[in-house]
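Student: Sharing my_file.txt below, compact mmCIF, C-alpha atoms:
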# COMPACT_ATOMS: atom_id res chain seq x y z
CA MET A 25 30.53 -22.14 -12.87
CA LYS A 26 26.94 -21.00 -13.33
CA ILE A 27 26.19 -17.26 -13.43
CA THR A 28 22.91 -15.76 -12.24
CA SER A 29 21.79 -12.18 -12.83
CA PHE A 30 19.84 -10.98 -9.80
CA ASN A 31 17.68 -7.86 -9.80
CA LEU A 32 16.62 -6.54 -6.40
CA MET A 33 14.09 -4.15 -7.99
CA THR A 34 14.94 -1.27 -5.65
CA TYR A 35 12.70 1.80 -5.80
CA ALA A 36 15.37 3.81 -7.62
CA ASP A 37 13.27 7.00 -7.66
CA LEU A 38 13.20 7.32 -3.88
CA ASP A 39 13.83 10.79 -2.45
CA LEU A 40 17.12 10.09 -0.66
CA GLY A 41 16.36 12.82 1.85
CA VAL A 42 14.17 10.32 3.69
CA LYS A 43 17.30 9.00 5.41
CA ASP A 44 17.29 12.11 7.59
CA LEU A 45 13.56 11.89 8.36
CA TYR A 46 12.98 8.21 9.12
CA LYS A 47 15.04 5.62 10.91
CA SER A 48 14.81 3.12 8.06
CA ALA A 49 13.62 2.56 4.50
CA TRP A 50 11.92 -0.57 5.87
CA VAL A 51 8.53 -0.89 7.59
CA VAL A 52 8.30 2.70 8.88
CA LEU A 53 8.88 4.63 5.63
CA PRO A 54 5.45 5.99 4.57
CA ASN A 55 4.18 4.50 1.32
CA THR A 56 3.28 8.01 0.12
CA TYR A 57 6.86 8.11 -1.15
CA PHE A 58 5.95 5.44 -3.70
CA ASP A 59 4.73 6.89 -7.01
CA PRO A 60 2.76 4.21 -8.92
CA GLU A 61 3.57 5.78 -12.29
CA LYS A 62 7.28 5.65 -11.57
CA GLY A 63 6.80 2.16 -10.15
CA HIS A 64 5.14 1.09 -13.42
CA ALA A 65 8.18 2.23 -15.38
CA LEU A 66 10.63 0.64 -12.94
CA TYR A 67 8.92 -2.77 -12.86
CA ASN A 68 8.92 -2.99 -16.64
CA ARG A 69 12.49 -1.73 -16.90
CA TYR A 70 13.70 -4.32 -14.39
CA LEU A 71 11.85 -7.13 -16.15
CA ASP A 72 13.42 -5.99 -19.45
CA GLU A 73 16.87 -6.15 -17.83
CA LEU A 74 16.30 -9.70 -16.60
CA GLU A 75 15.05 -10.74 -20.03
CA LEU A 76 18.18 -9.15 -21.54
CA ALA A 77 20.32 -11.31 -19.26
CA ASP A 78 18.50 -14.37 -20.58
CA GLU A 79 19.23 -13.29 -24.17
CA LEU A 80 22.91 -12.71 -23.38
CA GLY A 81 23.51 -16.21 -22.05
CA PHE A 82 23.30 -15.98 -18.27
CA ASP A 83 22.58 -19.37 -16.74
CA ALA A 84 19.80 -17.99 -14.54
CA ILE A 85 17.93 -14.83 -13.64
CA ALA A 86 16.76 -14.24 -10.09
CA VAL A 87 14.15 -12.36 -8.07
CA ASN A 88 13.38 -12.32 -4.35
CA GLU A 89 10.93 -11.28 -1.63
CA HIS A 90 10.77 -8.26 0.69
CA HIS A 91 7.90 -6.37 2.29
CA GLN A 92 7.04 -2.78 3.14
CA THR A 93 10.32 -1.35 1.91
CA ALA A 94 11.86 0.75 -0.85
CA TYR A 95 14.83 -1.64 -0.77
CA GLY A 96 13.09 -4.20 -2.99
CA LEU A 97 9.74 -3.93 -4.76
CA MET A 98 8.89 -7.64 -4.75
CA PRO A 99 6.48 -8.57 -1.96
CA SER A 100 5.57 -11.47 -4.25
CA PRO A 101 8.50 -12.86 -6.26
CA VAL A 102 6.05 -15.37 -7.70
CA VAL A 103 4.47 -12.49 -9.63
CA THR A 104 7.77 -11.37 -11.14
CA ALA A 105 8.89 -14.94 -11.84
CA SER A 106 5.55 -15.57 -13.56
CA ALA A 107 6.00 -12.47 -15.72
CA LEU A 108 9.38 -13.87 -16.79
CA ALA A 109 8.26 -17.47 -17.28
CA ARG A 110 7.01 -17.11 -20.87
CA ARG A 111 9.45 -14.45 -22.12
CA ALA A 112 12.75 -15.75 -20.71
CA LYS A 113 13.16 -18.75 -22.99
CA ASN A 114 16.54 -20.23 -22.12
CA CYS A 115 17.80 -19.75 -18.60
CA ARG A 116 16.68 -20.93 -15.19
CA ILE A 117 14.41 -18.65 -13.16
CA ALA A 118 15.41 -18.47 -9.51
CA ILE A 119 13.16 -17.26 -6.70
CA LEU A 120 15.79 -16.37 -4.07
CA GLY A 121 13.66 -16.84 -2.20
CA ASN A 122 10.15 -17.08 -0.80
CA ALA A 123 9.55 -16.99 2.94
CA PHE A 124 7.23 -20.00 3.15
CA CYS A 125 7.33 -19.85 6.95
CA LEU A 126 5.76 -16.38 7.07
CA ARG A 127 2.55 -17.77 5.57
CA ASP A 128 -0.22 -19.48 7.49
CA ASN A 129 -0.60 -21.83 4.52
CA PRO A 130 2.75 -22.55 2.79
CA LEU A 131 0.95 -24.84 0.33
CA SER A 132 -0.31 -21.84 -1.62
CA LEU A 133 3.30 -20.93 -2.45
CA ALA A 134 4.14 -24.58 -3.12
CA GLU A 135 1.35 -24.68 -5.71
CA GLU A 136 2.54 -21.45 -7.34
CA HIS A 137 6.15 -22.64 -7.56
CA ALA A 138 4.94 -25.90 -9.11
CA MET A 139 2.93 -23.94 -11.68
CA ILE A 140 5.98 -21.91 -12.74
CA ASP A 141 8.09 -25.06 -12.92
CA VAL A 142 5.55 -26.70 -15.21
CA ILE A 143 5.07 -23.60 -17.39
CA THR A 144 8.84 -23.29 -17.91
CA GLY A 145 9.35 -26.99 -18.51
CA GLY A 146 11.47 -27.43 -15.41
CA ARG A 147 13.55 -24.24 -15.21
CA LEU A 148 12.59 -23.08 -11.71
CA ILE A 149 14.99 -22.77 -8.78
CA SER A 150 13.15 -22.43 -5.48
CA GLY A 151 14.78 -20.50 -2.67
CA PHE A 152 13.79 -21.28 0.92
CA VAL A 153 14.35 -18.33 3.23
CA ARG A 154 13.09 -17.26 6.64
CA GLY A 155 12.84 -13.60 5.64
CA VAL A 156 14.95 -10.96 7.35
CA GLY A 157 13.84 -9.78 10.77
CA ALA A 158 12.07 -6.74 9.35
CA GLU A 159 9.58 -9.02 7.59
CA TYR A 160 8.37 -10.24 10.99
CA PHE A 161 7.36 -6.69 11.89
CA SER A 162 5.53 -6.45 8.54
CA PHE A 163 3.67 -9.73 9.06
CA GLY A 164 3.13 -9.35 12.80
CA SER A 165 4.76 -12.75 13.21
CA ASN A 166 6.67 -13.85 16.30
CA PRO A 167 10.38 -14.17 15.36
CA VAL A 168 10.93 -16.61 18.21
CA HIS A 169 9.12 -19.24 16.14
CA SER A 170 10.94 -18.32 12.93
CA LEU A 171 13.40 -21.20 12.74
CA GLU A 172 10.85 -23.84 13.78
CA ARG A 173 8.31 -22.59 11.24
CA HIS A 174 10.98 -22.41 8.54
CA HIS A 175 11.99 -26.04 9.03
CA GLU A 176 8.42 -27.26 9.30
CA ALA A 177 7.19 -25.28 6.29
CA ALA A 178 10.08 -26.61 4.21
CA ASP A 179 9.26 -30.19 5.22
CA LEU A 180 5.62 -29.64 4.30
CA VAL A 181 6.44 -28.14 0.91
CA VAL A 182 8.95 -30.83 -0.07
CA LYS A 183 6.51 -33.57 0.95
CA ALA A 184 3.75 -31.85 -1.01
CA TRP A 185 6.01 -31.79 -4.10
CA THR A 186 7.19 -35.39 -3.79
CA GLN A 187 4.63 -37.59 -2.01
CA PRO A 188 1.45 -38.84 -3.70
CA GLY A 189 -1.64 -37.22 -2.22
CA PRO A 190 -3.90 -36.80 -0.57
CA PHE A 191 -2.22 -37.16 2.82
CA ALA A 192 -2.40 -35.38 6.16
CA PHE A 193 0.38 -33.27 7.64
CA GLU A 194 0.41 -32.69 11.38
CA GLY A 195 3.14 -30.44 12.70
CA LYS A 196 3.60 -28.02 15.55
CA HIS A 197 2.76 -24.95 13.45
CA TYR A 198 0.99 -26.37 10.39
CA HIS A 199 -1.99 -28.74 10.35
CA MET A 200 -3.23 -29.87 6.94
CA GLU A 201 -5.86 -32.57 6.66
CA TYR A 202 -5.49 -32.76 2.88
CA VAL A 203 -2.18 -32.26 1.09
CA ASN A 204 -2.77 -33.07 -2.57
CA LEU A 205 -0.84 -30.70 -4.82
CA TRP A 206 -2.21 -29.92 -8.27
CA PRO A 207 -0.09 -29.39 -10.35
CA ARG A 208 2.92 -31.44 -9.38
CA PRO A 209 6.34 -29.91 -10.24
CA PHE A 210 7.84 -30.62 -13.65
CA GLN A 211 11.27 -31.41 -12.16
CA GLN A 212 11.53 -34.64 -10.23
CA PRO A 213 11.69 -35.15 -7.37
CA HIS A 214 11.31 -31.35 -7.05
CA PRO A 215 12.91 -28.07 -8.24
CA PRO A 216 16.44 -27.37 -6.97
CA ILE A 217 16.34 -25.71 -3.56
CA TRP A 218 18.69 -22.90 -2.57
CA CYS A 219 19.18 -21.30 0.85
CA PRO A 220 20.33 -17.68 0.59
CA SER A 221 21.62 -16.59 3.99
CA SER A 222 23.34 -13.85 5.95
CA GLY A 223 25.38 -16.47 7.77
CA SER A 224 23.17 -18.18 10.33
CA LEU A 225 25.01 -21.23 11.60
CA GLU A 226 21.69 -23.04 12.01
CA THR A 227 20.96 -22.46 8.31
CA ILE A 228 24.31 -23.93 7.32
CA GLU A 229 23.75 -27.05 9.41
CA TRP A 230 20.20 -27.43 8.09
CA ALA A 231 21.09 -26.90 4.42
CA ALA A 232 24.10 -29.24 4.57
CA HIS A 233 22.18 -32.15 6.13
CA PRO A 234 22.48 -35.31 3.99
CA ASP A 235 18.70 -35.43 3.53
CA ARG A 236 18.84 -31.99 1.90
CA LYS A 237 22.27 -30.93 0.54
CA TYR A 238 20.67 -27.66 -0.56
CA VAL A 239 22.71 -24.96 -2.27
CA TYR A 240 23.98 -22.51 0.35
CA LEU A 241 24.35 -18.95 -0.93
CA GLN A 242 26.25 -16.33 1.10
CA ASN A 243 25.18 -12.71 0.50
CA TYR A 244 26.32 -9.18 1.36
CA SER A 245 29.47 -10.19 3.21
CA PRO A 246 33.18 -9.36 2.99
CA ARG A 247 35.09 -11.81 0.86
CA LEU A 248 37.00 -13.27 3.82
CA SER A 249 33.67 -13.87 5.59
CA VAL A 250 32.23 -15.50 2.48
CA GLN A 251 35.20 -17.86 2.39
CA ARG A 252 34.78 -18.67 6.06
CA TYR A 253 31.08 -19.48 5.70
CA LEU A 254 31.48 -21.53 2.52
CA ASP A 255 34.32 -23.47 4.13
CA LEU A 256 32.10 -23.96 7.16
CA TYR A 257 29.44 -25.54 4.92
CA ARG A 258 32.06 -28.00 3.62
CA ALA A 259 33.40 -28.62 7.14
CA THR A 260 29.89 -29.23 8.50
CA ALA A 261 29.22 -31.76 5.75
CA ARG A 262 32.49 -33.57 6.47
CA ARG A 263 32.70 -33.47 10.25
CA LYS A 264 29.08 -33.44 11.30
CA TYR A 265 27.51 -35.53 8.55
CA GLY A 266 30.37 -37.60 7.13
CA TYR A 267 30.34 -36.67 3.44
CA GLU A 268 32.23 -34.32 1.11
CA ALA A 269 30.11 -31.37 -0.04
CA ALA A 270 30.24 -30.82 -3.79
CA SER A 271 31.21 -27.37 -5.03
CA ASP A 272 27.91 -27.03 -6.86
CA ARG A 273 26.23 -26.88 -3.43
CA ILE A 274 27.74 -23.50 -2.54
CA GLY A 275 27.46 -20.02 -4.00
CA TRP A 276 28.32 -16.36 -3.55
CA GLY A 277 26.12 -13.33 -4.19
CA ALA A 278 27.56 -9.83 -4.63
CA PRO A 279 26.83 -6.48 -6.32
CA CYS A 280 29.06 -5.96 -9.35
CA TYR A 281 29.76 -3.09 -11.74
CA VAL A 282 31.93 -3.16 -14.88
CA ALA A 283 33.08 -0.18 -16.92
CA GLU A 284 35.87 0.55 -19.39
CA THR A 285 38.42 1.40 -16.66
CA ASP A 286 38.69 0.92 -12.90
CA ARG A 287 38.34 4.67 -12.30
CA GLN A 288 35.29 4.98 -14.53
CA ALA A 289 33.65 1.98 -12.87
CA VAL A 290 34.12 3.48 -9.40
CA ASP A 291 32.88 6.90 -10.48
CA GLU A 292 29.78 5.54 -12.22
CA ALA A 293 28.86 3.07 -9.48
CA ARG A 294 29.62 5.31 -6.48
CA PRO A 295 26.33 7.21 -5.92
CA HIS A 296 24.17 4.19 -6.60
CA ILE A 297 25.98 1.61 -4.47
CA GLU A 298 26.41 4.12 -1.64
CA ALA A 299 22.67 4.85 -1.80
CA LEU A 300 21.98 1.11 -1.53
CA PHE A 301 24.11 0.64 1.58
CA ASN A 302 23.47 3.98 3.28
CA VAL A 303 19.79 4.61 2.51
CA PHE A 304 17.99 1.49 1.31
CA LEU A 305 19.58 -0.91 3.78
CA PRO A 306 18.35 -0.17 7.30
CA LYS A 307 20.27 2.38 9.30
CA ALA A 308 18.22 1.61 12.39
CA SER A 309 19.61 -0.55 15.17
CA GLU A 310 20.12 -4.26 14.61
CA LEU A 311 16.78 -4.78 16.39
CA MET A 312 14.90 -4.32 13.11
CA PHE A 313 16.92 -6.92 11.20
CA PHE A 314 17.65 -9.23 14.12
CA PRO A 315 14.76 -9.01 16.60
CA PRO A 316 15.05 -10.97 19.85
CA GLY A 317 14.57 -14.68 19.28
CA TYR A 318 15.10 -14.53 15.50
CA MET A 319 18.61 -15.96 15.66
CA SER A 320 20.62 -17.87 18.24
CA PRO A 321 23.12 -15.79 20.26
CA ARG A 322 26.13 -17.48 18.64
CA SER A 323 24.79 -16.92 15.11
CA LEU A 324 23.90 -13.30 15.88
CA GLN A 325 27.38 -12.65 17.23
CA GLN A 326 28.98 -14.06 14.08
CA VAL A 327 26.67 -12.27 11.64
CA LEU A 328 27.12 -8.86 13.29
CA LEU A 329 30.87 -9.36 13.39
CA HIS A 330 31.12 -10.13 9.69
CA LYS A 331 28.66 -7.43 8.58
CA LYS A 332 30.22 -4.71 10.71
CA ALA A 333 30.58 -1.41 8.79
CA ASN A 334 28.33 -2.54 5.91
CA THR A 335 25.89 0.34 6.48
CA GLY A 336 25.88 3.91 7.73
CA GLY A 337 28.12 6.34 5.84
CA VAL A 338 30.03 3.61 4.04
CA LYS A 339 32.09 4.58 0.99
CA ILE A 340 32.52 2.57 -2.18
CA GLU A 341 36.25 2.26 -1.53
CA THR A 342 35.53 0.41 1.72
CA LEU A 343 33.05 -1.92 0.04
CA ILE A 344 35.58 -2.73 -2.70
CA GLU A 345 38.47 -3.17 -0.27
CA ARG A 346 36.50 -5.62 1.88
CA GLY A 347 35.28 -7.54 -1.15
CA ILE A 348 31.60 -6.91 -0.42
CA ILE A 349 31.21 -5.61 -3.97
CA VAL A 350 33.27 -6.21 -7.12
CA VAL A 351 33.84 -3.09 -9.25
CA GLY A 352 36.31 -2.29 -12.00
CA SER A 353 37.36 -2.83 -15.58
CA PRO A 354 36.58 -6.16 -17.23
CA ASP A 355 40.13 -7.34 -16.48
CA THR A 356 39.85 -6.36 -12.82
CA VAL A 357 36.41 -7.90 -12.27
CA ARG A 358 37.35 -11.07 -14.11
CA ARG A 359 40.55 -11.42 -12.06
CA LYS A 360 38.80 -10.86 -8.72
CA PHE A 361 36.14 -13.47 -9.38
CA ILE A 362 38.70 -15.99 -10.65
CA GLU A 363 40.82 -15.44 -7.52
CA ALA A 364 37.75 -15.82 -5.31
CA HIS A 365 36.82 -19.06 -7.05
CA ARG A 366 40.35 -20.37 -6.61
CA ASP A 367 40.06 -19.79 -2.84
CA MET A 368 36.42 -20.84 -2.33
CA GLY A 369 35.47 -23.19 -5.15
CA PHE A 370 31.86 -21.96 -5.44
CA HIS A 371 30.02 -23.10 -8.58
CA GLU A 372 27.10 -20.66 -8.30
CA LEU A 373 27.77 -16.93 -8.67
CA VAL A 374 24.88 -14.50 -8.27
CA VAL A 375 25.71 -10.98 -9.45
CA MET A 376 23.54 -7.95 -8.76
CA LEU A 377 24.18 -5.74 -11.80
CA THR A 378 21.51 -3.13 -11.02
CA PHE A 379 21.43 -1.56 -7.58
CA GLY A 380 20.34 1.48 -5.62
CA THR A 381 19.53 4.52 -7.74
CA MET A 382 21.30 3.27 -10.87
CA PRO A 383 19.76 4.65 -14.09
CA ALA A 384 18.78 2.35 -16.93
CA HIS A 385 21.65 3.23 -19.28
CA PHE A 386 24.27 2.28 -16.68
CA SER A 387 22.41 -0.95 -15.86
CA GLU A 388 22.23 -2.05 -19.47
CA LYS A 389 25.88 -1.18 -20.09
CA ASN A 390 26.88 -3.15 -17.00
CA ILE A 391 24.85 -6.21 -18.00
CA ARG A 392 26.23 -6.20 -21.54
CA LEU A 393 29.87 -5.63 -20.52
CA PHE A 394 29.72 -8.34 -17.86
CA ALA A 395 28.14 -10.80 -20.31
CA LYS A 396 30.66 -10.09 -23.06
CA GLU A 397 33.93 -9.47 -21.20
CA VAL A 398 33.65 -11.31 -17.87
CA MET A 399 31.10 -14.11 -17.96
CA PRO A 400 32.69 -16.46 -20.54
CA ALA A 401 35.87 -16.80 -18.48
CA LEU A 402 33.88 -17.52 -15.32
CA GLN A 403 31.53 -20.04 -16.90
CA SER A 404 34.54 -22.16 -17.85
CA LEU A 405 35.73 -22.47 -14.24
CA SER A 406 35.45 -25.79 -12.42
CA ASP A 407 37.07 -27.63 -9.52
CA ARG A 408 40.24 -27.84 -11.62
CA GLU A 409 40.98 -24.22 -10.66
CA TYR A 410 39.89 -24.60 -7.01
CA ARG A 411 42.75 -24.79 -4.46
CA GLY A 412 40.89 -27.52 -2.60
CA PHE A 413 39.14 -27.56 0.74
CA GLU A 414 41.22 -26.83 3.83
CA PRO A 415 39.10 -27.32 6.98
CA PRO A 416 39.03 -24.32 9.33
CA LYS A 417 40.90 -24.94 12.57
CA VAL A 418 38.06 -23.53 14.67
CA GLU A 419 34.34 -23.75 13.86
CA ASP A 420 32.56 -21.46 16.27
Would you kindly transcribe this structure into structure tokens?

Tutor:
Amino acid sequence: MKITSFNLMTYADLDLGVKDLYKSAWVVLPNTYFDPEKGHALYNRYLDELELADELGFDAIAVNEHHQTAYGLMPSPVVTASALARRAKNCRIAILGNAFCLRDNPLSLAEEHAMIDVITGGRLISGFVRGVGAEYFSFGSNPVHSLERHHEAADLVVKAWTQPGPFAFEGKHYHMEYVNLWPRPFQQPHPPIWCPSSGSLETIEWAAHPDRKYVYLQNYSPRLSVQRYLDLYRATARRKYGYEAASDRIGWGAPCYVAETDRQAVDEARPHIEALFNVFLPKASELMFFPPGYMSPRSLQQVLLHKKANTGGVKIETLIERGIIVVGSPDTVRRKFIEAHRDMGFHELVVMLTFGTMPAHFSEKNIRLFAKEVMPALQSLSDREYRGFEPPKVED
């Protein structure tokens, strides 16, 4: 198993009283709540924590993209990945991901990803995402066209990375007379592509297609839902496309906190994880995250069902019980991840070890304890410990 340390770069200094004044920490929260001096300290602290993960032997470190929100301070993950490219010497650097489809010219991001891949000598992982619904309010983009633009932008980017230029690209949403990428990516035919997702069925079918076989990463979901979606990826590959999906094509992402005892871990993590789910994640109606047209009715029904009770007054005990987060002593955390791997067989684990309002000393302790006491046992896991794929009886 490969282990990735993901840092969301939340604005940890946010006045949590804003939850009573504004309907969400996304889009509508005034930027006067952002203090650039505190932001300066946070950015550098978070970069230090990712570099520490590289030093401690994580297989990858990861950043991502969000806009107009205190939830994550990375409107450009290319900037943070670039800052890490020269200082993180050993591990892969994952952009999980960039919303190519939100741009009028996805080639600009394709060029930037290629630059990072060349600078690092081929250590980039490129994440293709549509962006959550809130991003479409930020960009003034029509969510009805989201899926079409996502597919078309991905096709354009992959062709730009792999086909000799110059050539023309004529699509429904993107028209490029000259596609001629300089530089070309270091990795051939292109950097590994991951698809982090909340559980869109269309994303699963797209990522599992034989022409792609992209890594599908399930985030922020109860453990039983994660198992269902990862099994659905395997079932889609088998039944729809006629091949067996390899375990290295699927992954799980979850917040994690390790302390000396279970009780201490819960007590130390409680205010920070509850702030993440109750303040930083939107408490507005689903309209902000899932605007009309963004997702098919069947996908929306499934996603809302599996994410029910994730936000709004949630307690850490509920998050632990449902397996949305993994918290406890090293023995407890190690056991829970080993059991999850036995049931799901994922080969990519993305752990968020800093979250919400967590102070630096807790973050560093968590990173070090996980690396020393948990990670070695997980990195040794393979399909030998996986129970094997059992197709779901119903795929709806």

Student: Find, counting all atoms listed in the file, the residue in A:Lys113, A:His175, A:His385, A:His233 that gets nearest to Leu80 of chain A.

Tutor: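 Smallest distance to Leu80 of chain A is found for A:Lys113.
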
Student: Find the distance between atom CA of Gly347 of chain A and atom CA of Val290 of chain A and write it in Å to one decimal.

Tutor: 13.8 Å

Student: For a quick check of understanding, using all atoms listed in the file, which of A:Gly121, A:Gly223, A:Pro190, A:Gly380 has the smallest distance to Leu38 of chain A?

Tutor: A:Gly380

Student: Nearest residue to Ala105 of chain A out of A:Tyr410, A:Tyr46, A:Phe193, A:Tyr70, using all atoms listed in the file?

Tutor: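 Checking each of A:Tyr410, A:Tyr46, A:Phe193, A:Tyr70 against Ala105 of chain A, counting all atoms listed in the file, the winner is A:Tyr70.
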
Student: When you look at Ala401 of chain A with a cut-off of 12 Å (counting only C-alpha atoms), what residues show up, excluding the ones that are within fewer than 5 positions of it in the same chain? I need them as a ChimeraX atom specification.

Tutor: /A:25-27,354-355,357-362,365,394-396,406,409

Student: Can you work out which one of A:Gly96, A:Gly317, A:Trp185, A:Pro215 has the shortest atom-to-atom distance to His169 of chain A, counting all atoms listed in the file?

Tutor: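 Looking only at the distances to His169 of chain A, the closest residue turns out to be A:Gly317.
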
Student: May I ask which of the residues A:Lys339, A:Arg247, A:Arg258, A:Lys183 is the closest one to Asp291 of chain A, counting only C-alpha atoms?

Tutor: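 Going through A:Lys339, A:Arg247, A:Arg258, A:Lys183 one by one, the smallest distance to Asp291 of chain A is for A:Lys339.
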
Student: My list of candidates is A:Ala112, A:Ala138, A:Ala278, A:Ala118. Which is closest to Gly81 of chain A when distances are computed with only C-alpha atoms?

Tutor: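 Using only C-alpha atoms, Gly81 of chain A sits closest to A:Ala112.
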
Student: One number please: atom CA of Gly63 of chain A to atom CA of Tyr35 of chain A, in Å, one decimal.

Tutor: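 For atom CA of Gly63 of chain A relative to atom CA of Tyr35 of chain A, the distance reads 7.3 Å.
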
Student: Could you please determine the separation between atom CA of Asp72 of chain A and atom CA of Ser100 of chain A in Å, to one decimal place?

Tutor: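 Taking atom CA of Asp72 of chain A and atom CA of Ser100 of chain A, their separation equals 18.0 Å.
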